[in-house]
$ cat data.cif   # mmCIF, C-alpha atoms
data_my_file
loop_
_atom_site.group_PDB
_atom_site.id
_atom_site.type_symbol
_atom_site.label_atom_id
_atom_site.label_comp_id
_atom_site.auth_asym_id
_atom_site.auth_seq_id
_atom_site.Cartn_x
_atom_site.Cartn_y
_atom_site.Cartn_z
ATOM 1 C CA GLU A 134 2.734 -19.151 -7.932
ATOM 2 C CA ASP A 135 3.856 -19.112 -11.570
ATOM 3 C CA ALA A 136 5.064 -15.559 -11.005
ATOM 4 C CA GLY A 137 7.282 -16.854 -8.200
ATOM 5 C CA ILE A 138 6.503 -14.146 -5.669
ATOM 6 C CA ARG A 139 5.146 -14.166 -2.148
ATOM 7 C CA ILE A 140 1.928 -12.239 -1.667
ATOM 8 C CA THR A 141 -0.379 -11.015 1.057
ATOM 9 C CA LEU A 142 -4.047 -11.015 0.102
ATOM 10 C CA LEU A 143 -5.806 -8.168 1.894
ATOM 11 C CA ASP A 144 -9.388 -9.245 1.425
ATOM 12 C CA THR A 145 -11.457 -6.062 1.603
ATOM 13 C CA LEU A 146 -14.704 -5.569 3.478
ATOM 14 C CA TYR A 147 -17.131 -3.299 1.594
ATOM 15 C CA LEU A 148 -20.653 -2.942 2.976
ATOM 16 C CA HIS A 149 -22.133 0.457 2.166
ATOM 17 C CA GLY A 150 -22.426 2.659 -0.895
ATOM 18 C CA GLY A 151 -21.326 5.841 0.811
ATOM 19 C CA LEU A 152 -21.526 8.008 3.925
ATOM 20 C CA GLY A 153 -23.385 11.278 4.256
ATOM 21 C CA ALA A 154 -24.645 13.503 7.031
ATOM 22 C CA ASP A 155 -27.675 11.200 7.352
ATOM 23 C CA GLY A 156 -25.657 7.996 7.564
ATOM 24 C CA TYR A 157 -24.748 5.107 5.314
ATOM 25 C CA GLY A 158 -26.363 4.360 1.974
ATOM 26 C CA PRO A 159 -26.769 0.952 0.314
ATOM 27 C CA PRO A 160 -24.326 -0.240 -2.334
ATOM 28 C CA LEU A 161 -25.529 0.698 -5.785
ATOM 29 C CA GLY A 162 -24.715 -0.395 -9.327
ATOM 30 C CA VAL A 163 -21.258 -1.944 -9.684
ATOM 31 C CA GLN A 164 -20.724 -1.639 -5.919
ATOM 32 C CA GLN A 165 -23.090 -4.553 -5.467
ATOM 33 C CA ARG A 166 -20.661 -6.829 -7.308
ATOM 34 C CA PHE A 167 -18.000 -6.580 -4.602
ATOM 35 C CA ALA A 168 -20.050 -5.684 -1.523
ATOM 36 C CA ASP A 169 -20.344 -8.132 1.363
ATOM 37 C CA HIS A 170 -23.674 -8.589 3.106
ATOM 38 C CA SER A 171 -22.111 -8.279 6.559
ATOM 39 C CA ALA A 172 -18.856 -8.560 8.466
ATOM 40 C CA ALA A 173 -19.900 -12.071 9.501
ATOM 41 C CA ALA A 174 -20.312 -13.044 5.846
ATOM 42 C CA TRP A 175 -16.842 -11.636 5.159
ATOM 43 C CA VAL A 176 -15.364 -13.750 7.977
ATOM 44 C CA GLU A 177 -17.048 -16.878 6.611
ATOM 45 C CA ARG A 178 -15.817 -16.208 3.074
ATOM 46 C CA VAL A 179 -12.252 -15.437 4.092
ATOM 47 C CA GLY A 180 -12.219 -18.500 6.327
ATOM 48 C CA SER A 181 -12.505 -20.677 3.238
ATOM 49 C CA LEU A 182 -9.230 -19.373 1.808
ATOM 50 C CA GLN A 183 -6.296 -21.761 2.065
ATOM 51 C CA PRO A 184 -2.994 -19.886 1.738
ATOM 52 C CA THR A 185 0.201 -21.694 0.742
ATOM 53 C CA SER A 186 3.658 -21.136 2.193
ATOM 54 C CA THR A 187 4.133 -18.173 -0.158
ATOM 55 C CA GLN A 188 0.801 -16.560 0.704
ATOM 56 C CA ARG A 189 -0.658 -14.830 3.720
ATOM 57 C CA ILE A 190 -4.173 -13.589 4.377
ATOM 58 C CA GLY A 191 -4.827 -10.169 5.858
ATOM 59 C CA ALA A 192 -7.842 -7.917 6.116
ATOM 60 C CA ALA A 193 -8.814 -4.552 4.752
ATOM 61 C CA ILE A 194 -11.562 -2.149 5.743
ATOM 62 C CA HIS A 195 -12.292 -0.261 2.572
ATOM 63 C CA SER A 196 -12.939 3.084 4.263
ATOM 64 C CA VAL A 197 -15.191 4.911 6.690
ATOM 65 C CA ARG A 198 -17.439 5.494 3.670
ATOM 66 C CA ALA A 199 -18.055 1.787 3.125
ATOM 67 C CA VAL A 200 -17.761 0.191 6.582
ATOM 68 C CA ASP A 201 -19.576 1.158 9.792
ATOM 69 C CA PRO A 202 -17.824 1.187 13.205
ATOM 70 C CA ALA A 203 -19.377 -2.060 14.467
ATOM 71 C CA SER A 204 -18.137 -3.904 11.385
ATOM 72 C CA MET A 205 -14.722 -2.265 11.756
ATOM 73 C CA SER A 206 -14.545 -3.710 15.257
ATOM 74 C CA ALA A 207 -15.417 -7.178 13.972
ATOM 75 C CA LEU A 208 -12.550 -7.109 11.464
ATOM 76 C CA ALA A 209 -10.181 -5.673 14.052
ATOM 77 C CA GLY A 210 -10.986 -8.627 16.311
ATOM 78 C CA TRP A 211 -10.484 -11.106 13.461
ATOM 79 C CA ALA A 212 -7.078 -9.596 12.628
ATOM 80 C CA ALA A 213 -5.985 -9.402 16.274
ATOM 81 C CA GLU A 214 -6.780 -13.078 16.886
ATOM 82 C CA ARG A 215 -4.565 -14.082 13.968
ATOM 83 C CA GLY A 216 -1.876 -11.421 14.181
ATOM 84 C CA ALA A 217 -2.843 -10.516 10.629
ATOM 85 C CA PRO A 218 -2.229 -7.173 8.946
ATOM 86 C CA LEU A 219 -5.218 -4.839 8.707
ATOM 87 C CA HIS A 220 -5.342 -1.998 6.181
ATOM 88 C CA ALA A 221 -7.841 0.740 5.363
ATOM 89 C CA HIS A 222 -8.159 3.753 3.113
ATOM 90 C CA VAL A 223 -7.927 6.704 5.505
ATOM 91 C CA SER A 224 -8.522 10.403 4.805
ATOM 92 C CA GLU A 225 -7.838 9.999 1.119
ATOM 93 C CA GLN A 226 -10.006 12.993 0.242
ATOM 94 C CA ILE A 227 -11.264 16.046 2.090
ATOM 95 C CA ALA A 228 -14.847 15.010 1.326
ATOM 96 C CA GLU A 229 -14.269 11.768 3.241
ATOM 97 C CA ASN A 230 -13.176 13.720 6.319
ATOM 98 C CA GLU A 231 -16.160 16.044 6.040
ATOM 99 C CA SER A 232 -18.735 13.254 5.756
ATOM 100 C CA CYS A 233 -17.164 11.364 8.663
ATOM 101 C CA GLN A 234 -17.176 14.490 10.801
ATOM 102 C CA ALA A 235 -20.777 15.264 9.832
ATOM 103 C CA PHE A 236 -22.143 11.861 10.828
ATOM 104 C CA HIS A 237 -19.706 10.481 13.420
ATOM 105 C CA GLY A 238 -18.480 13.771 14.869
ATOM 106 C CA ARG A 239 -14.819 12.836 14.510
ATOM 107 C CA SER A 240 -12.103 12.258 11.951
ATOM 108 C CA PRO A 241 -11.607 8.908 10.204
ATOM 109 C CA VAL A 242 -8.465 8.211 12.283
ATOM 110 C CA ALA A 243 -10.363 8.963 15.502
ATOM 111 C CA LEU A 244 -13.189 6.678 14.354
ATOM 112 C CA PHE A 245 -10.737 3.850 13.670
ATOM 113 C CA ALA A 246 -9.147 4.443 17.078
ATOM 114 C CA ASP A 247 -12.501 4.188 18.852
ATOM 115 C CA ALA A 248 -13.597 1.119 16.845
ATOM 116 C CA GLY A 249 -10.414 -0.848 17.573
ATOM 117 C CA PRO A 250 -8.416 -1.193 14.332
ATOM 118 C CA LEU A 251 -5.723 1.327 15.266
ATOM 119 C CA THR A 252 -2.881 -0.957 16.432
ATOM 120 C CA ALA A 253 0.679 -1.803 15.414
ATOM 121 C CA ASN A 254 -0.767 -4.176 12.782
ATOM 122 C CA PHE A 255 -2.836 -1.393 11.201
ATOM 123 C CA SER A 256 -1.858 0.487 8.058
ATOM 124 C CA ALA A 257 -3.570 3.714 7.023
ATOM 125 C CA VAL A 258 -3.457 3.890 3.237
ATOM 126 C CA HIS A 259 -3.218 7.372 1.662
ATOM 127 C CA ALA A 260 -3.535 9.390 4.906
ATOM 128 C CA THR A 261 -3.460 12.515 2.786
ATOM 129 C CA HIS A 262 -5.537 14.845 4.940
ATOM 130 C CA LEU A 263 -4.567 14.350 8.572
ATOM 131 C CA ASP A 264 -4.566 16.819 11.446
ATOM 132 C CA ASN A 265 -2.152 16.884 14.377
ATOM 133 C CA ALA A 266 -4.395 14.717 16.547
ATOM 134 C CA ASP A 267 -4.631 12.088 13.797
ATOM 135 C CA ILE A 268 -0.852 11.920 13.448
ATOM 136 C CA ALA A 269 -0.407 11.691 17.217
ATOM 137 C CA ALA A 270 -2.901 8.809 17.386
ATOM 138 C CA LEU A 271 -1.137 6.895 14.619
ATOM 139 C CA ALA A 272 2.210 7.391 16.357
ATOM 140 C CA ALA A 273 0.881 6.380 19.762
ATOM 141 C CA ASN A 274 -0.494 3.111 18.390
ATOM 142 C CA GLY A 275 2.536 2.235 16.252
ATOM 143 C CA SER A 276 0.440 2.185 13.091
ATOM 144 C CA VAL A 277 1.947 2.458 9.611
ATOM 145 C CA VAL A 278 0.992 4.956 6.918
ATOM 146 C CA VAL A 279 1.101 3.704 3.327
ATOM 147 C CA MET A 280 1.722 6.604 0.978
ATOM 148 C CA CYS A 281 0.646 6.354 -2.682
ATOM 149 C CA PRO A 282 2.097 9.566 -4.114
ATOM 150 C CA THR A 283 1.698 8.837 -7.828
ATOM 151 C CA THR A 284 -1.960 7.972 -7.227
ATOM 152 C CA GLU A 285 -2.584 11.195 -5.281
ATOM 153 C CA ARG A 286 -0.812 13.069 -8.075
ATOM 154 C CA ASP A 287 -2.913 11.339 -10.732
ATOM 155 C CA LEU A 288 -6.221 11.936 -8.940
ATOM 156 C CA GLY A 289 -5.364 15.406 -7.656
ATOM 157 C CA ASP A 290 -6.173 14.409 -4.073
ATOM 158 C CA GLY A 291 -3.334 16.273 -2.380
ATOM 159 C CA ILE A 292 0.027 15.705 -0.698
ATOM 160 C CA GLY A 293 0.252 13.689 2.510
ATOM 161 C CA PRO A 294 2.106 15.148 5.531
ATOM 162 C CA THR A 295 5.071 12.782 5.272
ATOM 163 C CA GLY A 296 7.534 15.171 6.887
ATOM 164 C CA GLN A 297 5.375 15.516 9.982
ATOM 165 C CA LEU A 298 4.656 11.781 10.042
ATOM 166 C CA ALA A 299 8.363 10.941 9.972
ATOM 167 C CA ALA A 300 9.189 13.560 12.585
ATOM 168 C CA THR A 301 6.528 12.082 14.869
ATOM 169 C CA GLY A 302 7.834 8.547 14.433
ATOM 170 C CA VAL A 303 5.062 7.132 12.247
ATOM 171 C CA PRO A 304 6.521 4.426 9.951
ATOM 172 C CA ILE A 305 5.886 5.095 6.263
ATOM 173 C CA ALA A 306 5.537 2.438 3.577
ATOM 174 C CA LEU A 307 4.824 2.792 -0.137
ATOM 175 C CA GLY A 308 1.868 1.614 -2.189
ATOM 176 C CA SER A 309 0.787 1.835 -5.800
ATOM 177 C CA ASP A 310 -3.008 1.747 -5.303
ATOM 178 C CA SER A 311 -4.418 2.771 -8.689
ATOM 179 C CA HIS A 312 -1.309 1.689 -10.611
ATOM 180 C CA ALA A 313 -1.079 5.100 -12.254
ATOM 181 C CA VAL A 314 2.622 4.234 -12.297
ATOM 182 C CA VAL A 315 4.055 0.825 -11.385
ATOM 183 C CA ASP A 316 7.508 1.854 -10.219
ATOM 184 C CA LEU A 317 8.491 1.729 -6.565
ATOM 185 C CA PHE A 318 11.505 3.989 -7.177
ATOM 186 C CA GLU A 319 9.173 6.700 -8.466
ATOM 187 C CA GLU A 320 6.893 6.265 -5.464
ATOM 188 C CA ALA A 321 9.882 6.570 -3.112
ATOM 189 C CA ARG A 322 11.340 9.760 -4.569
ATOM 190 C CA ALA A 323 7.871 11.266 -4.970
ATOM 191 C CA VAL A 324 7.494 11.225 -1.171
ATOM 192 C CA GLU A 325 10.479 13.574 -0.901
ATOM 193 C CA LEU A 326 9.812 15.604 -4.047
ATOM 194 C CA HIS A 327 6.205 16.312 -3.091
ATOM 195 C CA GLU A 328 7.345 17.549 0.312
ATOM 196 C CA ARG A 329 9.894 19.818 -1.373
ATOM 197 C CA LEU A 330 7.120 21.426 -3.384
ATOM 198 C CA ARG A 331 4.931 21.894 -0.330
ATOM 199 C CA ARG A 332 7.616 23.164 2.073
ATOM 200 C CA ARG A 333 9.971 24.780 -0.451
ATOM 201 C CA GLU A 334 12.973 23.067 1.117
ATOM 202 C CA ARG A 335 15.051 19.972 0.406
ATOM 203 C CA GLY A 336 16.198 16.959 2.344
ATOM 204 C CA ILE A 337 13.091 16.260 4.403
ATOM 205 C CA HIS A 338 13.525 12.521 3.806
ATOM 206 C CA GLN A 339 16.952 10.936 3.371
ATOM 207 C CA ALA A 340 17.531 8.426 0.564
ATOM 208 C CA ALA A 341 18.090 5.565 3.022
ATOM 209 C CA ASP A 342 14.761 6.307 4.693
ATOM 210 C CA LEU A 343 12.967 6.398 1.349
ATOM 211 C CA LEU A 344 14.528 3.053 0.446
ATOM 212 C CA ALA A 345 13.335 1.581 3.746
ATOM 213 C CA MET A 346 9.790 2.701 2.952
ATOM 214 C CA GLY A 347 9.844 0.496 -0.122
ATOM 215 C CA THR A 348 11.526 -2.480 1.528
ATOM 216 C CA VAL A 349 11.528 -3.289 5.227
ATOM 217 C CA VAL A 350 8.542 -1.128 6.235
ATOM 218 C CA GLY A 351 6.516 -2.349 3.284
ATOM 219 C CA HIS A 352 7.201 -5.971 4.180
ATOM 220 C CA ARG A 353 6.326 -5.330 7.806
ATOM 221 C CA CYS A 354 2.926 -3.840 7.044
ATOM 222 C CA LEU A 355 2.094 -6.861 4.879
ATOM 223 C CA GLY A 356 2.912 -9.297 7.658
ATOM 224 C CA TRP A 357 6.399 -10.372 6.522
ATOM 225 C CA ALA A 358 8.603 -9.258 9.396
ATOM 226 C CA ASP A 359 11.423 -11.513 8.201
ATOM 227 C CA ALA A 360 11.912 -9.787 4.848
ATOM 228 C CA GLY A 361 13.104 -6.471 3.484
ATOM 229 C CA LEU A 362 16.641 -6.505 4.896
ATOM 230 C CA ILE A 363 19.869 -8.180 3.842
ATOM 231 C CA ALA A 364 20.756 -9.745 7.180
ATOM 232 C CA VAL A 365 21.226 -13.102 8.881
ATOM 233 C CA GLY A 366 17.844 -14.718 9.478
ATOM 234 C CA GLN A 367 16.054 -12.628 6.837
ATOM 235 C CA ARG A 368 14.579 -14.103 3.680
ATOM 236 C CA ALA A 369 16.835 -14.011 0.616
ATOM 237 C CA ASP A 370 14.681 -11.556 -1.305
ATOM 238 C CA LEU A 371 17.081 -9.616 -3.494
ATOM 239 C CA VAL A 372 17.082 -7.415 -6.575
ATOM 240 C CA THR A 373 19.994 -6.258 -8.681
ATOM 241 C CA ILE A 374 19.916 -2.814 -10.234
ATOM 242 C CA ALA A 375 21.942 -1.827 -13.285
ATOM 243 C CA LEU A 376 24.348 0.991 -12.498
ATOM 244 C CA ASP A 377 25.337 1.523 -16.126
ATOM 245 C CA SER A 378 22.061 2.743 -17.652
ATOM 246 C CA VAL A 379 21.606 6.297 -18.919
ATOM 247 C CA ARG A 380 19.934 7.062 -15.573
ATOM 248 C CA THR A 381 22.469 5.467 -13.238
ATOM 249 C CA ALA A 382 25.780 5.788 -15.114
ATOM 250 C CA GLY A 383 28.583 7.161 -12.962
ATOM 251 C CA THR A 384 27.211 5.794 -9.704
ATOM 252 C CA ASN A 385 29.830 4.864 -7.112
ATOM 253 C CA ASN A 386 29.692 3.166 -3.728
ATOM 254 C CA HIS A 387 29.237 6.450 -1.908
ATOM 255 C CA SER A 388 26.276 7.609 -4.005
ATOM 256 C CA ALA A 389 24.594 4.288 -4.795
ATOM 257 C CA THR A 390 21.600 4.699 -2.479
ATOM 258 C CA GLU A 391 20.920 8.241 -3.671
ATOM 259 C CA ALA A 392 21.291 7.248 -7.329
ATOM 260 C CA ILE A 393 18.947 4.300 -6.938
ATOM 261 C CA VAL A 394 16.246 6.271 -5.136
ATOM 262 C CA PHE A 395 16.397 9.504 -7.105
ATOM 263 C CA ALA A 396 17.412 8.332 -10.598
ATOM 264 C CA ALA A 397 16.699 4.631 -11.167
ATOM 265 C CA THR A 398 13.442 3.283 -12.547
ATOM 266 C CA ALA A 399 11.833 -0.143 -12.585
ATOM 267 C CA SER A 400 13.479 -0.680 -15.977
ATOM 268 C CA ASP A 401 16.874 -0.719 -14.246
ATOM 269 C CA VAL A 402 16.030 -3.864 -12.256
ATOM 270 C CA THR A 403 17.873 -6.726 -13.934
ATOM 271 C CA ASP A 404 17.434 -9.700 -11.586
ATOM 272 C CA VAL A 405 15.033 -10.707 -8.825
ATOM 273 C CA PHE A 406 15.477 -13.452 -6.230
ATOM 274 C CA VAL A 407 12.638 -14.608 -3.979
ATOM 275 C CA ASP A 408 13.635 -16.824 -1.062
ATOM 276 C CA GLY A 409 16.896 -17.366 -2.945
ATOM 277 C CA ARG A 410 15.148 -18.543 -6.128
ATOM 278 C CA HIS A 411 16.048 -16.738 -9.350
ATOM 279 C CA VAL A 412 12.726 -15.362 -10.631
ATOM 280 C CA VAL A 413 13.879 -12.651 -13.052
ATOM 281 C CA SER A 414 17.117 -13.036 -14.978
ATOM 282 C CA ASN A 415 18.583 -10.282 -17.128
ATOM 283 C CA ARG A 416 15.239 -8.441 -17.117
ATOM 284 C CA ARG A 417 13.229 -11.474 -18.243
ATOM 285 C CA HIS A 418 11.018 -13.655 -16.062
ATOM 286 C CA VAL A 419 12.306 -17.205 -16.009
ATOM 287 C CA ARG A 420 8.829 -18.786 -16.266
ATOM 288 C CA ILE A 421 6.375 -16.489 -18.006
ATOM 289 C CA ASP A 422 6.193 -13.803 -20.682
ATOM 290 C CA VAL A 423 5.059 -10.963 -18.423
ATOM 291 C CA ALA A 424 4.108 -8.476 -21.143
ATOM 292 C CA SER A 425 1.996 -11.041 -23.020
ATOM 293 C CA GLU A 426 0.279 -12.208 -19.839
ATOM 294 C CA LEU A 427 -0.558 -8.633 -18.869
ATOM 295 C CA ASN A 428 -1.796 -7.800 -22.347
ATOM 296 C CA GLU A 429 -4.104 -10.815 -22.466
ATOM 297 C CA THR A 430 -5.420 -10.300 -18.934
ATOM 298 C CA ILE A 431 -6.073 -6.577 -19.344
ATOM 299 C CA LYS A 432 -7.791 -7.147 -22.685
ATOM 300 C CA GLU A 433 -10.013 -9.807 -21.154
ATOM 301 C CA LEU A 434 -10.990 -7.463 -18.323
ATOM 302 C CA MET A 435 -11.630 -4.503 -20.599
ATOM 303 C CA ASP A 436 -13.719 -6.592 -22.990
ATOM 304 C CA HIS A 437 -15.814 -8.051 -20.148
ATOM 305 C CA ASP A 438 -19.362 -6.661 -20.094
#
$ encode --input "data.cif" --output "structure tokens"
Amino acid sequence: EDAGIRITLLDTLYLHGGLGADGYGPPLGVQQRFADHSAAAWVERVGSLQPTSTQRIGAAIHSVRAVDPASMSALAGWAAERGAPLHAHVSEQIAENESCQAFHGRSPVALFADAGPLTANFSAVHATHLDNADIAALAANGSVVVMCPTTERDLGDGIGPTGQLAATGVPIALGSDSHAVVDLFEEARAVELHERLRRRERGIHQAADLLAMGTVVGHRCLGWADAGLIAVGQRADLVTIALDSVRTAGTNNHSATEAIVFAATASDVTDVFVDGRHVVSNRRHVRIDVASELNETIKELMDHD
């Protein structure tokens, strides 16, 4: 609340330590710190959370590696009853697909479809290694794909099929995941630039579409359908971007969207308004010293045994 932003907490169900050809293994080592005992225990724990007007509670299935189909179904039911967003890591790595195929005889997307999560409130995070049937299933159910291109780049996991997803009508949002880079502009242009490298052609995604991935589609998949657009009835969530930095100088009205998506960085954001409240002014937060807070928090985490 001191930061002045709205947030969706996607409380994550994590039950198993991994999936192999012989089935699921128990959580081991540090996995035990964040593993739930069961889906029922997760429901009881999440039920104790009391969100404020700036907070919403959603659900996340960590992955097919950590959650079995019966537990997936339990979370899907919980989310459906509340109209809450439901996310999951999906086909992030080839090894994940192979282990799912070996034990369940189907792809992760097909497993989610059979277990119930695959709906219009479902977001498949990463979705790096999908086949045609997976993409068709996501499109048929109106599910969103959350691409994390700087994370895939950092981990060497691959390039997601964003061109095919867009052509099939699957909405694409942007995520940061591992925080390899915390810059939504970089995530947006990376979607297009990665596709250029793969397909050796340009213009697969238009700048306006890339901008929508980081605004209206992102809000939608987090359960805020009334945000992400400048329009009557939408929340007054606004940012101002400097058009006179060394990256954006020379921008005019006709090229503003392209300049913002393909040249701007997070450092070019000067002001932020949340529900009409001025949260960041002239690149400084109005309430807290962000750099100091981050430094202290990260140090505390890194020093924790």
$ residues_around --input "data.cif" --residues "Ala397 in chain A" --least-positions-apart "5" --cutoff "9 Å" --atoms "all atoms listed in the file" --output "list in words"
Phe318, Glu319, Ile374, Ala375, Leu376, Ser378, Arg380, Thr381, Ala392 and Val402 of chain A
$ axis_aligned_box --input "data.cif" --around "range 256-263 of chain A" --padding-each-side "3 Å" --output "JSON"
{"center_x": -3.7, "center_y": 7.7, "center_z": 5.1, "size_x": 9.7, "size_y": 20.4, "size_z": 12.9}
$ closest_residue --input "data.cif" --among "A:Ser276, A:Asn230, A:Thr390, A:Thr384" --to "Val258 in chain A" --atoms "all atoms listed in the file"
A:Ser276
$ residues_around --input "data.cif" --residues "range 359-367 of chain A" --least-positions-apart "4" --cutoff "6 Å" --atoms "only C-alpha atoms" --output "PyMOL selection string"
chain A and resi 348-349+352
$ write_last_selection --input "data.cif" --atoms "C-alpha atoms" --output "mmCIF file, in the frame of the given file"
data_model
loop_
_atom_site.group_PDB
_atom_site.id
_atom_site.type_symbol
_atom_site.label_atom_id
_atom_site.label_comp_id
_atom_site.auth_asym_id
_atom_site.auth_seq_id
_atom_site.Cartn_x
_atom_site.Cartn_y
_atom_site.Cartn_z
ATOM 1 C CA THR A 348 11.526 -2.480 1.528
ATOM 2 C CA VAL A 349 11.528 -3.289 5.227
ATOM 3 C CA HIS A 352 7.201 -5.971 4.180
#
$ closest_residue --input "data.cif" --among "A:Thr187, A:Val423, A:Ser256, A:Pro160" --to "Val350 in chain A" --atoms "only C-alpha atoms"
A:Ser256
$ build_atoms --input "data.cif" --residues "range 199-206 of chain A" --atoms "all heavy atoms" --output "short mmCIF file (atom, residue, chain, number, x, y, z; two decimals), keeping the file's coordinate frame"
data_model
loop_
_atom_site.label_atom_id
_atom_site.label_comp_id
_atom_site.auth_asym_id
_atom_site.auth_seq_id
_atom_site.Cartn_x
_atom_site.Cartn_y
_atom_site.Cartn_z
N ALA A 199 -17.47 3.06 3.53
CA ALA A 199 -18.06 1.79 3.12
C ALA A 199 -18.23 0.80 4.27
O ALA A 199 -18.84 -0.25 4.08
CB ALA A 199 -17.20 1.15 2.03
N VAL A 200 -17.69 1.12 5.45
CA VAL A 200 -17.76 0.19 6.58
C VAL A 200 -18.13 0.97 7.85
O VAL A 200 -17.48 1.96 8.18
CB VAL A 200 -16.43 -0.56 6.78
CG1 VAL A 200 -16.54 -1.54 7.95
CG2 VAL A 200 -16.03 -1.30 5.51
N ASP A 201 -19.13 0.51 8.56
CA ASP A 201 -19.58 1.16 9.79
C ASP A 201 -18.69 0.73 10.96
O ASP A 201 -17.99 -0.29 10.89
CB ASP A 201 -21.03 0.79 10.07
CG ASP A 201 -21.23 -0.72 10.12
OD1 ASP A 201 -21.06 -1.32 11.20
OD2 ASP A 201 -21.52 -1.31 9.05
N PRO A 202 -18.72 1.48 12.07
CA PRO A 202 -17.82 1.19 13.20
C PRO A 202 -17.98 -0.22 13.79
O PRO A 202 -16.97 -0.84 14.16
CB PRO A 202 -18.20 2.26 14.23
CG PRO A 202 -18.70 3.39 13.41
CD PRO A 202 -19.43 2.76 12.26
N ALA A 203 -19.19 -0.72 13.90
CA ALA A 203 -19.38 -2.06 14.47
C ALA A 203 -18.69 -3.11 13.60
O ALA A 203 -18.06 -4.05 14.11
CB ALA A 203 -20.87 -2.38 14.60
N SER A 204 -18.78 -2.96 12.29
CA SER A 204 -18.14 -3.90 11.38
C SER A 204 -16.62 -3.73 11.41
O SER A 204 -15.88 -4.71 11.26
CB SER A 204 -18.69 -3.72 9.96
OG SER A 204 -20.08 -3.95 9.94
N MET A 205 -16.16 -2.49 11.58
CA MET A 205 -14.72 -2.26 11.76
C MET A 205 -14.20 -3.06 12.96
O MET A 205 -13.15 -3.70 12.90
CB MET A 205 -14.44 -0.78 11.99
CG MET A 205 -14.67 0.13 10.83
SD MET A 205 -14.32 1.84 11.35
CE MET A 205 -14.91 2.75 9.92
N SER A 206 -14.95 -3.01 14.04
CA SER A 206 -14.54 -3.71 15.26
C SER A 206 -14.47 -5.22 15.04
O SER A 206 -13.57 -5.89 15.55
CB SER A 206 -15.52 -3.41 16.40
OG SER A 206 -15.52 -2.03 16.71
#
